[in-house]
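*Asks:* Just one file: model_2.cif, with mmCIF, C-alpha atoms.
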data_structure
loop_
_atom_site.label_atom_id
_atom_site.label_comp_id
_atom_site.auth_asym_id
_atom_site.auth_seq_id
_atom_site.Cartn_x
_atom_site.Cartn_y
_atom_site.Cartn_z
CA MET Q 8 -13.21 -27.11 -11.31
CA VAL Q 9 -13.63 -23.50 -10.23
CA LYS Q 10 -11.76 -20.87 -12.19
CA VAL Q 11 -10.10 -17.91 -10.47
CA PHE Q 12 -10.30 -14.75 -12.55
CA LEU Q 13 -8.46 -11.44 -12.35
CA PRO Q 14 -11.23 -9.10 -11.17
CA ASN Q 15 -11.98 -5.60 -12.36
CA LEU Q 16 -9.65 -3.30 -10.41
CA GLY Q 17 -11.02 0.03 -11.57
CA GLU Q 18 -11.61 2.29 -14.53
CA GLY Q 19 -8.89 2.17 -17.15
CA ILE Q 20 -7.08 -0.75 -15.53
CA THR Q 21 -6.92 -3.43 -18.20
CA LYS Q 22 -3.96 -5.50 -17.00
CA ALA Q 23 -2.07 -6.44 -13.86
CA THR Q 24 1.13 -8.33 -13.11
CA VAL Q 25 1.12 -11.47 -10.99
CA SER Q 26 3.51 -10.65 -8.17
CA TYR Q 27 3.14 -13.40 -5.56
CA TRP Q 28 1.43 -16.77 -5.18
CA TYR Q 29 0.55 -17.63 -1.59
CA ALA Q 30 0.09 -21.32 -2.50
CA GLU Q 31 1.75 -23.81 -4.82
CA GLU Q 32 0.02 -26.14 -7.25
CA GLY Q 33 -1.40 -29.11 -5.38
CA ALA Q 34 -1.78 -27.20 -2.11
CA ALA Q 35 -5.02 -27.03 -0.16
CA VAL Q 36 -6.64 -23.59 -0.22
CA VAL Q 37 -9.39 -22.14 1.94
CA GLU Q 38 -12.29 -20.04 0.68
CA GLY Q 39 -11.66 -16.36 1.33
CA ALA Q 40 -7.95 -16.77 2.12
CA GLU Q 41 -5.40 -14.91 0.03
CA LEU Q 42 -4.43 -16.90 -3.03
CA VAL Q 43 -2.46 -14.59 -5.27
CA GLU Q 44 -1.18 -11.02 -5.19
CA VAL Q 45 -1.31 -8.95 -8.38
CA SER Q 46 0.23 -5.52 -8.92
CA THR Q 47 -0.82 -2.50 -10.92
CA ASP Q 48 0.92 0.83 -10.78
CA LYS Q 49 1.72 1.43 -7.06
CA ALA Q 50 -0.90 -0.98 -5.75
CA THR Q 51 -0.98 -4.64 -4.83
CA PHE Q 52 -4.32 -6.43 -4.80
CA ASN Q 53 -4.89 -9.77 -3.12
CA VAL Q 54 -7.21 -12.15 -4.94
CA PRO Q 55 -8.85 -14.55 -2.48
CA ALA Q 56 -9.67 -18.21 -3.16
CA PRO Q 57 -13.29 -18.35 -4.34
CA CYS Q 58 -13.80 -21.78 -2.75
CA SER Q 59 -12.01 -24.33 -0.58
CA GLY Q 60 -10.19 -27.11 -2.38
CA THR Q 61 -6.94 -27.97 -4.11
CA LEU Q 62 -5.06 -25.48 -6.26
CA MET Q 63 -4.71 -27.37 -9.53
CA GLY Q 64 -3.53 -25.29 -12.45
CA ILE Q 65 -1.69 -22.01 -12.11
CA ALA Q 66 -2.27 -20.28 -15.45
CA ALA Q 67 -0.34 -17.08 -14.73
CA HIS Q 68 3.00 -17.18 -12.98
CA GLU Q 69 4.88 -14.54 -11.01
CA GLY Q 70 6.01 -11.84 -13.41
CA ASP Q 71 3.28 -12.57 -15.98
CA MET Q 72 1.08 -9.67 -17.05
CA ILE Q 73 -2.52 -10.70 -17.62
CA GLU Q 74 -5.73 -9.00 -18.64
CA VAL Q 75 -8.70 -8.31 -16.40
CA GLY Q 76 -11.08 -11.25 -16.67
CA ALA Q 77 -8.31 -13.72 -17.55
CA VAL Q 78 -7.93 -16.99 -15.64
CA LEU Q 79 -5.30 -17.00 -12.90
CA ALA Q 80 -5.77 -20.59 -11.78
CA THR Q 81 -8.26 -23.39 -11.29
CA ILE Q 82 -9.30 -24.98 -8.00
CA GLU Q 83 -10.62 -28.52 -7.57
CA GLU Q 84 -13.43 -27.77 -5.17
CA ASP Q 85 -13.90 -29.77 -1.97
CA THR Q 86 -17.18 -31.63 -1.94
CA VAL Q 87 -19.48 -31.51 1.05
CA SER Q 88 -20.72 -34.90 2.28
CA GLU Q 89 -24.27 -35.48 3.53
CA SER Q 90 -23.03 -35.27 7.11
CA GLY Q 91 -21.86 -31.76 6.33
CA GLU Q 92 -18.18 -32.54 6.65
CA GLN Q 93 -15.92 -31.56 3.80
CA GLU Q 94 -14.10 -34.23 1.83
CA ALA Q 95 -11.52 -33.71 -0.86
CA GLU Q 96 -12.83 -34.94 -4.19
CA GLU Q 97 -10.48 -37.23 -6.08
CA ALA Q 98 -8.96 -35.54 -9.07
CA MET D 19 8.23 7.04 16.36
CA VAL D 20 6.60 3.73 15.55
CA PRO D 21 8.71 0.87 14.11
CA TYR D 22 7.65 -0.02 10.57
CA ALA D 23 6.77 -3.65 11.35
CA GLU D 24 4.61 -2.61 14.29
CA ALA D 25 2.67 -0.09 12.20
CA LEU D 26 2.20 -2.67 9.44
CA ALA D 27 0.90 -5.29 11.87
CA LEU D 28 -1.60 -2.76 13.23
CA GLN D 29 -2.75 -1.83 9.72
CA LYS D 30 -3.37 -5.49 8.88
CA GLN D 31 -5.28 -6.01 12.10
CA VAL D 32 -7.45 -2.95 11.43
CA ALA D 33 -7.95 -4.00 7.78
CA GLU D 34 -9.17 -7.40 8.94
CA ASP D 35 -11.52 -5.77 11.47
CA ILE D 36 -12.91 -3.52 8.73
CA SER D 37 -13.47 -6.43 6.34
CA ARG D 38 -15.31 -8.28 9.14
CA GLY D 39 -17.48 -5.20 9.70
CA VAL D 40 -16.38 -4.57 13.29
CA CYS D 41 -14.46 -1.36 12.62
CA GLY D 42 -14.85 1.68 10.36
CA HIS D 43 -12.39 3.50 8.11
CA THR D 44 -9.27 4.24 10.15
CA LEU D 45 -6.36 6.58 9.52
CA LEU D 46 -3.02 5.91 11.21
CA VAL D 47 -0.45 8.72 11.21
CA CYS D 48 3.10 8.36 12.49
CA GLN D 49 6.82 8.64 11.78
CA HIS D 50 9.14 5.64 11.56
CA PRO D 51 12.71 5.13 12.74
CA ALA D 52 14.93 4.98 9.65
CA VAL D 53 13.97 2.04 7.41
CA ILE D 54 14.30 1.11 3.74
CA THR D 55 11.35 -0.93 2.52
CA TYR D 56 11.05 -2.80 -0.76
CA SER D 57 8.15 -4.55 -2.45
CA ARG D 58 8.02 -8.22 -3.39
CA LYS D 59 7.75 -7.25 -7.05
CA GLY D 60 10.63 -4.77 -7.04
CA GLY D 61 12.90 -6.69 -4.69
CA ARG D 62 16.25 -5.23 -3.69
CA ARG D 63 17.48 -4.39 -7.20
CA HIS D 64 17.11 -0.62 -6.65
CA ILE D 65 18.99 -0.59 -3.36
CA LEU D 66 22.37 0.85 -4.27
CA VAL D 67 24.44 -0.21 -1.26
CA SER D 68 25.02 -3.46 0.63
CA PRO D 69 22.82 -4.59 3.54
CA GLU D 70 25.93 -4.20 5.72
CA GLU D 71 26.29 -0.55 4.75
CA ILE D 72 22.61 0.06 5.46
CA ALA D 73 22.97 -1.57 8.87
CA ARG D 74 26.15 0.43 9.57
CA ARG D 75 24.13 3.61 9.10
CA GLY D 76 21.54 2.40 11.60
CA ILE D 77 18.86 1.91 8.97
CA ALA D 78 16.57 -1.12 9.05
CA LEU D 79 15.73 -3.10 5.91
CA CYS D 80 12.31 -4.61 5.41
CA GLU D 81 10.39 -6.42 2.65
CA THR D 82 6.79 -5.30 2.48
CA ASP D 83 3.55 -6.18 0.70
CA ARG D 84 2.64 -2.79 -0.78
CA GLY D 85 2.82 -1.87 -4.42
CA GLY D 86 5.63 0.14 -5.92
CA ASP D 87 9.34 -0.45 -5.53
CA VAL D 88 11.84 0.71 -2.91
CA THR D 89 11.52 3.68 -0.58
CA TYR D 90 12.88 5.19 2.62
CA HIS D 91 11.04 6.22 5.77
CA GLY D 92 12.60 8.03 8.69
CA PRO D 93 12.59 11.02 11.02
CA GLY D 94 11.28 14.17 9.34
CA GLN D 95 8.84 12.22 7.20
CA THR D 96 5.22 11.69 8.19
CA VAL D 97 3.41 8.60 6.94
CA PHE D 98 -0.34 8.49 6.51
CA TYR D 99 -1.86 5.03 6.50
CA PRO D 100 -5.54 5.22 5.56
CA VAL D 101 -7.07 1.81 6.20
CA PHE D 102 -10.15 2.41 4.11
CA ASP D 103 -12.86 0.16 2.71
CA LEU D 104 -12.67 0.83 -1.04
CA ARG D 105 -16.12 -0.68 -1.57
CA GLU D 106 -17.31 2.75 -0.40
CA PHE D 107 -15.04 4.59 -2.83
CA GLY D 108 -15.87 2.93 -6.12
CA GLN D 109 -13.59 -0.16 -5.94
CA ASP D 110 -11.09 1.64 -8.14
CA LEU D 111 -7.39 1.39 -7.23
CA HIS D 112 -6.18 4.20 -9.45
CA ARG D 113 -8.98 6.56 -8.46
CA TYR D 114 -8.17 5.92 -4.80
CA MET D 115 -4.48 6.71 -5.33
CA ARG D 116 -5.41 9.91 -7.16
CA MET D 117 -7.54 10.84 -4.14
CA LEU D 118 -4.53 10.32 -1.86
CA GLU D 119 -2.44 12.58 -4.08
CA GLU D 120 -5.21 15.17 -3.96
CA VAL D 121 -5.13 15.10 -0.16
CA VAL D 122 -1.53 16.36 -0.31
CA ILE D 123 -1.65 18.60 -3.38
CA VAL D 124 -4.50 20.89 -2.42
CA PRO D 125 -3.26 21.93 1.07
CA LEU D 126 0.28 22.47 -0.23
CA ARG D 127 -1.05 24.73 -2.95
CA GLU D 128 -3.76 26.55 -0.99
CA HIS D 129 -2.18 26.89 2.45
CA PHE D 130 1.52 26.95 1.69
CA GLY D 131 1.60 28.42 -1.81
CA LEU D 132 3.71 25.58 -3.17
CA ASN D 133 3.28 24.55 -6.79
CA ALA D 134 2.55 20.91 -5.91
CA ILE D 135 1.87 18.78 -8.97
CA ARG D 136 1.51 15.23 -10.28
CA ARG D 137 3.79 13.95 -13.03
CA LYS D 138 2.15 12.29 -16.00
CA GLY D 139 2.29 8.51 -15.80
CA LEU D 140 3.79 8.55 -12.30
CA ARG D 141 2.42 8.38 -8.76
CA GLY D 142 3.29 10.83 -6.02
CA VAL D 143 3.57 14.57 -5.62
CA TRP D 144 6.33 16.90 -6.82
CA VAL D 145 7.25 20.49 -6.07
CA GLY D 146 9.41 21.68 -8.93
CA PRO D 147 11.90 18.92 -9.71
CA TYR D 148 11.63 17.43 -6.23
CA LYS D 149 9.42 14.51 -5.28
CA ILE D 150 8.08 15.13 -1.78
CA ALA D 151 5.23 12.61 -1.41
CA PHE D 152 5.24 8.90 -2.21
CA ILE D 153 2.32 6.54 -2.72
CA GLY D 154 2.08 2.77 -2.29
CA ILE D 155 -0.92 0.70 -1.28
CA ALA D 156 -2.01 -2.88 -0.70
CA VAL D 157 -5.61 -4.10 -0.87
CA ARG D 158 -7.13 -7.15 0.80
CA LYS D 159 -10.82 -7.92 0.49
CA TRP D 160 -11.14 -4.42 -0.97
CA VAL D 161 -9.76 -2.85 2.21
CA ALA D 162 -6.72 -0.69 1.44
CA TYR D 163 -3.74 -0.20 3.74
CA HIS D 164 -0.27 1.36 3.45
CA GLY D 165 -0.77 4.79 1.84
CA LEU D 166 1.42 7.85 1.47
CA SER D 167 4.56 9.31 2.95
CA LEU D 168 5.30 13.02 3.01
CA ASN D 169 8.77 14.50 3.43
CA ILE D 170 8.66 17.45 5.80
CA SER D 171 12.33 17.77 6.82
CA VAL D 172 13.85 14.45 5.85
CA ASP D 173 17.48 13.34 5.58
CA ARG D 174 17.98 13.53 1.84
CA GLU D 175 21.25 11.59 2.15
CA ALA D 176 19.29 8.46 3.11
CA PHE D 177 17.49 8.51 -0.24
CA SER D 178 20.85 8.40 -2.04
CA LEU D 179 21.21 4.80 -0.85
CA ILE D 180 18.33 3.76 -3.11
CA LYS D 181 16.73 4.49 -6.45
CA PRO D 182 13.39 5.68 -4.99
CA CYS D 183 10.42 3.99 -6.69
CA GLY D 184 12.94 2.54 -9.16
CA LEU D 185 13.22 5.99 -10.78
CA ASP D 186 15.88 8.62 -11.21
CA VAL D 187 14.17 11.25 -9.10
CA GLN D 188 15.38 14.13 -6.97
CA VAL D 189 13.90 13.96 -3.48
CA GLY D 190 12.99 17.00 -1.42
CA SER D 191 11.08 18.08 1.66
CA ILE D 192 8.45 20.74 2.28
CA ASN D 193 10.80 22.72 4.50
CA ASP D 194 13.33 23.00 1.66
CA PHE D 195 11.02 25.72 0.36
CA PHE D 196 10.66 27.84 3.53
CA LYS D 197 13.10 29.99 5.50
CA ASP D 198 11.08 29.55 8.69
CA GLU D 199 10.46 25.89 9.36
CA VAL D 200 6.86 24.70 9.22
CA SER D 201 6.07 22.10 11.88
CA SER D 202 4.94 18.62 10.94
CA GLU D 203 1.90 19.14 13.19
CA THR D 204 0.80 22.18 11.17
CA ILE D 205 1.21 20.33 7.89
CA CYS D 206 -0.54 17.22 9.19
CA ASP D 207 -3.49 19.22 10.48
CA MET D 208 -3.93 20.83 7.05
CA ILE D 209 -3.72 17.48 5.33
CA LEU D 210 -6.15 15.81 7.74
CA GLU D 211 -8.63 18.64 7.19
CA HIS D 212 -8.44 18.13 3.46
CA LEU D 213 -8.62 14.34 3.75
CA LYS D 214 -11.96 14.77 5.49
CA GLU D 215 -13.18 16.81 2.51
CA VAL D 216 -11.87 14.45 -0.18
CA PHE D 217 -13.31 11.35 1.49
CA GLN D 218 -16.25 13.17 3.13
CA PHE D 219 -15.55 11.91 6.63
CA GLU D 220 -16.66 12.78 10.09
CA VAL D 221 -13.57 12.13 12.21
CA VAL D 222 -13.60 10.57 15.66
CA GLN D 223 -10.30 10.20 17.46
CA ASN D 224 -9.50 6.76 18.87
CA GLN D 225 -7.62 7.06 22.15
CA ASP D 226 -6.50 3.40 22.26
CA ILE D 227 -4.64 3.72 18.99
CA CYS D 228 -3.31 7.19 19.89
CA GLU D 229 -1.63 5.75 22.94
CA LYS D 230 0.43 3.55 20.64
CA GLY D 231 1.81 6.71 19.04
CA LEU D 232 -0.52 6.66 16.08
CA LYS D 233 -3.56 8.82 15.65
CA TRP D 234 -6.93 8.80 13.92
#
What's the C-alpha cells form of this structure?

*Replies:*
Amino acid sequence: MVKVFLPNLGEGITKATVSYWYAEEGAAVVEGAELVEVSTDKATFNVPAPCSGTLMGIAAHEGDMIEVGAVLATIEEDTVSESGEQEAEEA
Amino acid sequence: MVPYAEALALQKQVAEDISRGVCGHTLLVCQHPAVITYSRKGGRRHILVSPEEIARRGIALCETDRGGDVTYHGPGQTVFYPVFDLREFGQDLHRYMRMLEEVVIVPLREHFGLNAIRRKGLRGVWVGPYKIAFIGIAVRKWVAYHGLSLNISVDREAFSLIKPCGLDVQVGSINDFFKDEVSSETICDMILEHLKEVFQFEVVQNQDICEKGLKW
C-alpha cells in the first residue's frame, strides 16, 4: 500500500480543503495523473497519484479540511512482472 | 476577445508543455466575452440570479478549476494568465499570489497615483472601498495557471448578478478614478513591465500565440 499525503504547499499553509476527487475508491489510477484537488485560499492544487494501481481508501472526502502531511488516500500498487508487464496485485 | 474556454484550454496545454520541459514560463493576456465563472468548491451558491436570466443578458456561465469562488469576466477587464513553473519561485502558493498582487499594486501606485492596497486576510487589490483586481489560480505538477483579472472600464452592473468571491464587496474599475480615460494598453504595458521586475524575466514575444489574440 502506498500512502498519498497532502504535500507542503508553502510557508504558513498548514491546512487545505479537499475539493475534488478525480477517481473513486476501487478505480485504477496512473502514476503522475491527477488524483485529488485541494484548495487553500484562492488556489487549487492537484495532487498526482504517486504510483499506478488501485485507489483503495479515501481518507479525506470532498469538503474535509486536512493538515499538511496528513494521508489523503492509499493506493494498492500494481506489481511489475518479470516480463516487465504490469499486473494488478490481488488485494 | 478570447472565449473563456478557449483561453483555459490553451493555458492547460502550455502548463503541460512546461511540466514536460518543452516550454518556458508563458504569460497570456486577453479579454473575454462576458462570462460568469465559478469554482468547483464554491459552486453556484453565490450567483444571485437564475441561469436563464444570465443567458438572457448574453452572459455565458462556466464551471472552472481555479481556486476562489465566483467571478465575472467581460469587456473592459483584462485578464493576465501567467503559466509559470512555481518550482522556480519557491513552491509557495501564497507567496506566488502575493507576487501577483504586487504586480498590480506597484504600477497603480507609482504610475497612476492610486492608493492600491491589499485587505488583510483577503486576496486581490482594492482602491478605496472598491475591489479592482481579482486573483484565482490552479496548480498542476507545480505549474500555475489562471491568474488575475483587472477591471479597467468594466460593466459594474454585471457584478451585481453575483456575490464576487463569495464576499460583500464593492467592485470598481481603474477608470472610475480618472476624468480622462486611461487605455487598457497603457495599463497593461505598465503591469507587464513590473511583472518582469517581480519575477525577474527576460520577455520574448511569441507570435504564434499572439495570432490567437493572446500575447506573451

*Asks:* Just want the 10 Å neighbourhood of Ser26 in chain Q, counted on only C-alpha atoms, with same-chain residues fewer than 2 positions away dropped. Output as number ranges by chain.

*Replies:* Q: 23-24, 28, 43-47, 51-53, 67-72; D: 57-60, 83, 85

*Asks:* My list of candidates is Q:Ala50, Q:Leu13, Q:Leu62, Q:Met8. Which is closest to chain D when distances are computed with all atoms listed in the file?

*Replies:*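 The shortest atom-to-atom distance to chain D comes from Q:Ala50.
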
*Asks:* Tell me, as a list in words, which residues lie within 9 Å of His164 in chain D, counting only C-alpha atoms; anything in the same chain fewer than 2 positions away does not count.

*Replies:*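 Here the answer would be Leu26, Gln29, Asp83, Arg84, Val97, Phe98, Tyr99, Pro100, Val101, Ile153, Gly154, Ile155, Ala156, Val157, Ala162 and Leu166 of chain D.
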
*Asks:* Name the residues within 12 Å of (16.5, 11.5, 7.4), counting all atoms listed in the file in the file's coordinates, and put them as a compact mmCIF listing (two decimals) with C-alpha atoms, in the coordinates of the input.

*Replies:*
# COMPACT_ATOMS: atom_id res chain seq x y z
CA GLN D 49 6.82 8.64 11.78
CA HIS D 50 9.14 5.64 11.56
CA PRO D 51 12.71 5.13 12.74
CA ALA D 52 14.93 4.98 9.65
CA VAL D 53 13.97 2.04 7.41
CA ILE D 54 14.30 1.11 3.74
CA ARG D 75 24.13 3.61 9.10
CA GLY D 76 21.54 2.40 11.60
CA ILE D 77 18.86 1.91 8.97
CA TYR D 90 12.88 5.19 2.62
CA HIS D 91 11.04 6.22 5.77
CA GLY D 92 12.60 8.03 8.69
CA PRO D 93 12.59 11.02 11.02
CA GLY D 94 11.28 14.17 9.34
CA GLN D 95 8.84 12.22 7.20
CA THR D 96 5.22 11.69 8.19
CA ASN D 169 8.77 14.50 3.43
CA ILE D 170 8.66 17.45 5.80
CA SER D 171 12.33 17.77 6.82
CA VAL D 172 13.85 14.45 5.85
CA ASP D 173 17.48 13.34 5.58
CA ARG D 174 17.98 13.53 1.84
CA GLU D 175 21.25 11.59 2.15
CA ALA D 176 19.29 8.46 3.11
CA PHE D 177 17.49 8.51 -0.24
CA SER D 178 20.85 8.40 -2.04
CA LEU D 179 21.21 4.80 -0.85
CA VAL D 189 13.90 13.96 -3.48
CA GLY D 190 12.99 17.00 -1.42
CA SER D 191 11.08 18.08 1.66

*Asks:* Identify which of the residues Q:Gly39, Q:Val75, Q:Ala80, Q:Ala34 lies closest to chain D, counting all atoms listed in the file when measuring atom-to-atom distances.

*Replies:*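 Among the listed residues, the smallest separation from chain D belongs to Q:Gly39.
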
*Asks:* Grab the CA of Glu84 in chain Q to CA of Trp160 in chain D distance for me, in Å with one decimal place.

*Replies:*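 A separation of 23.8 Å between them.
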
*Asks:* For a test of reading the model, state the distance in Å between CA of Val143 in chain D and CA of Leu104 in chain D, rounded to one decimal.

*Replies:* 21.8 Å

*Asks:* Between D:Met208, D:Ile123, D:Ile36, D:Leu140, which one has atoms that come closest to chain Q, using only C-alpha atoms?

*Replies:*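 Among D:Met208, D:Ile123, D:Ile36, D:Leu140, it is D:Leu140 that comes nearest to chain Q.
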
*Asks:* Near Gly64 in chain Q, counting only C-alpha atoms, which residues have an atom at most 8 Å away, once you skip same-chain residues fewer than 4 positions from it, shown as number ranges by chain?

*Replies:* Q: 32, 80-82

*Asks:* As a check of understanding, name the residues that the PyMOL selection byres ((chain D and resi 128-138) around 10) selects in the supplied structure, as a PyMOL selection string.

*Replies:* chain D and resi 116+119-120+122-127+139-146+148-151+192+195-196+200+205+208-209

*Asks:* Can you list, as a list of chain:residue names, the residues that the PyMOL selection byres ((chain Q and resi 40) around 6) selects here?

*Replies:*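 For this structure, the PyMOL selection byres ((chain Q and resi 40) around 6) captures Q:Val37, Q:Glu38, Q:Gly39, Q:Glu41, Q:Pro55, Q:Ala56.
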
*Asks:* Each side padded by 6 Å, which centre and which edge lengths in Å (one decimal) define the axis-aligned box around the listed atoms of range 22-28 of chain Q? Give them as JSON.

*Replies:*
{"center_x": -0.2, "center_y": -11.1, "center_z": -11.1, "size_x": 19.5, "size_y": 23.3, "size_z": 23.8}

*Asks:* Applied to this file, what does the PyMOL selection byres ((chain D and resi 79) around 8) return in terms of residues, put as a list in words?

*Replies:* Val53, Ile54, Thr55, Pro69, Ile72, Ala73, Ile77, Ala78, Cys80 and Glu81 of chain D

*Asks:* Quick one, how far is CA of Arg113 in chain D from CA of Asp48 in chain Q?

*Replies:*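 Here the two named atoms are 11.7 Å from each other.
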
*Asks:* Determine, counting all atoms listed in the file, which protein, DNA and RNA residues have an atom within 7 Å of an atom of range 211-219 of chain D; residues of the same chain fewer than 4 positions away are not included. Present the result as a PDB file with C-alpha atoms, keeping the file's coordinate frame.

*Replies:*
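New file around.pdb:
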ATOM      1  CA  MET D 117      -7.540  10.840  -4.140  1.00  0.00           C
ATOM      2  CA  VAL D 121      -5.130  15.100  -0.160  1.00  0.00           C
ATOM      3  CA  PRO D 125      -3.260  21.930   1.070  1.00  0.00           C
ATOM      4  CA  ASP D 207      -3.490  19.220  10.480  1.00  0.00           C
TER       5      ASP D 207
END

*Asks:* Identify which of the residues D:His64, D:His43, D:Arg105, D:His112 lies closest to chain Q, counting all atoms listed in the file when measuring atom-to-atom distances.

*Replies:*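 Closest residue, counting all atoms listed in the file: D:His112.
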
*Asks:* Rank Q:Val78, Q:Val25, Q:Met63, Q:Val11 by their smallest atom-to-atom distance to chain D, using only C-alpha atoms, and report the top residue only.

*Replies:*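 Closest to chain D of all the choices is Q:Val25.
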
*Asks:* For a quick check of understanding, using all atoms listed in the file, which of D:Leu168, D:Lys30, D:Ala23, D:Gly61 has the smallest distance to Ser202 in chain D?

*Replies:*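 Checking each candidate against Ser202 in chain D, we get D:Leu168 as the closest.
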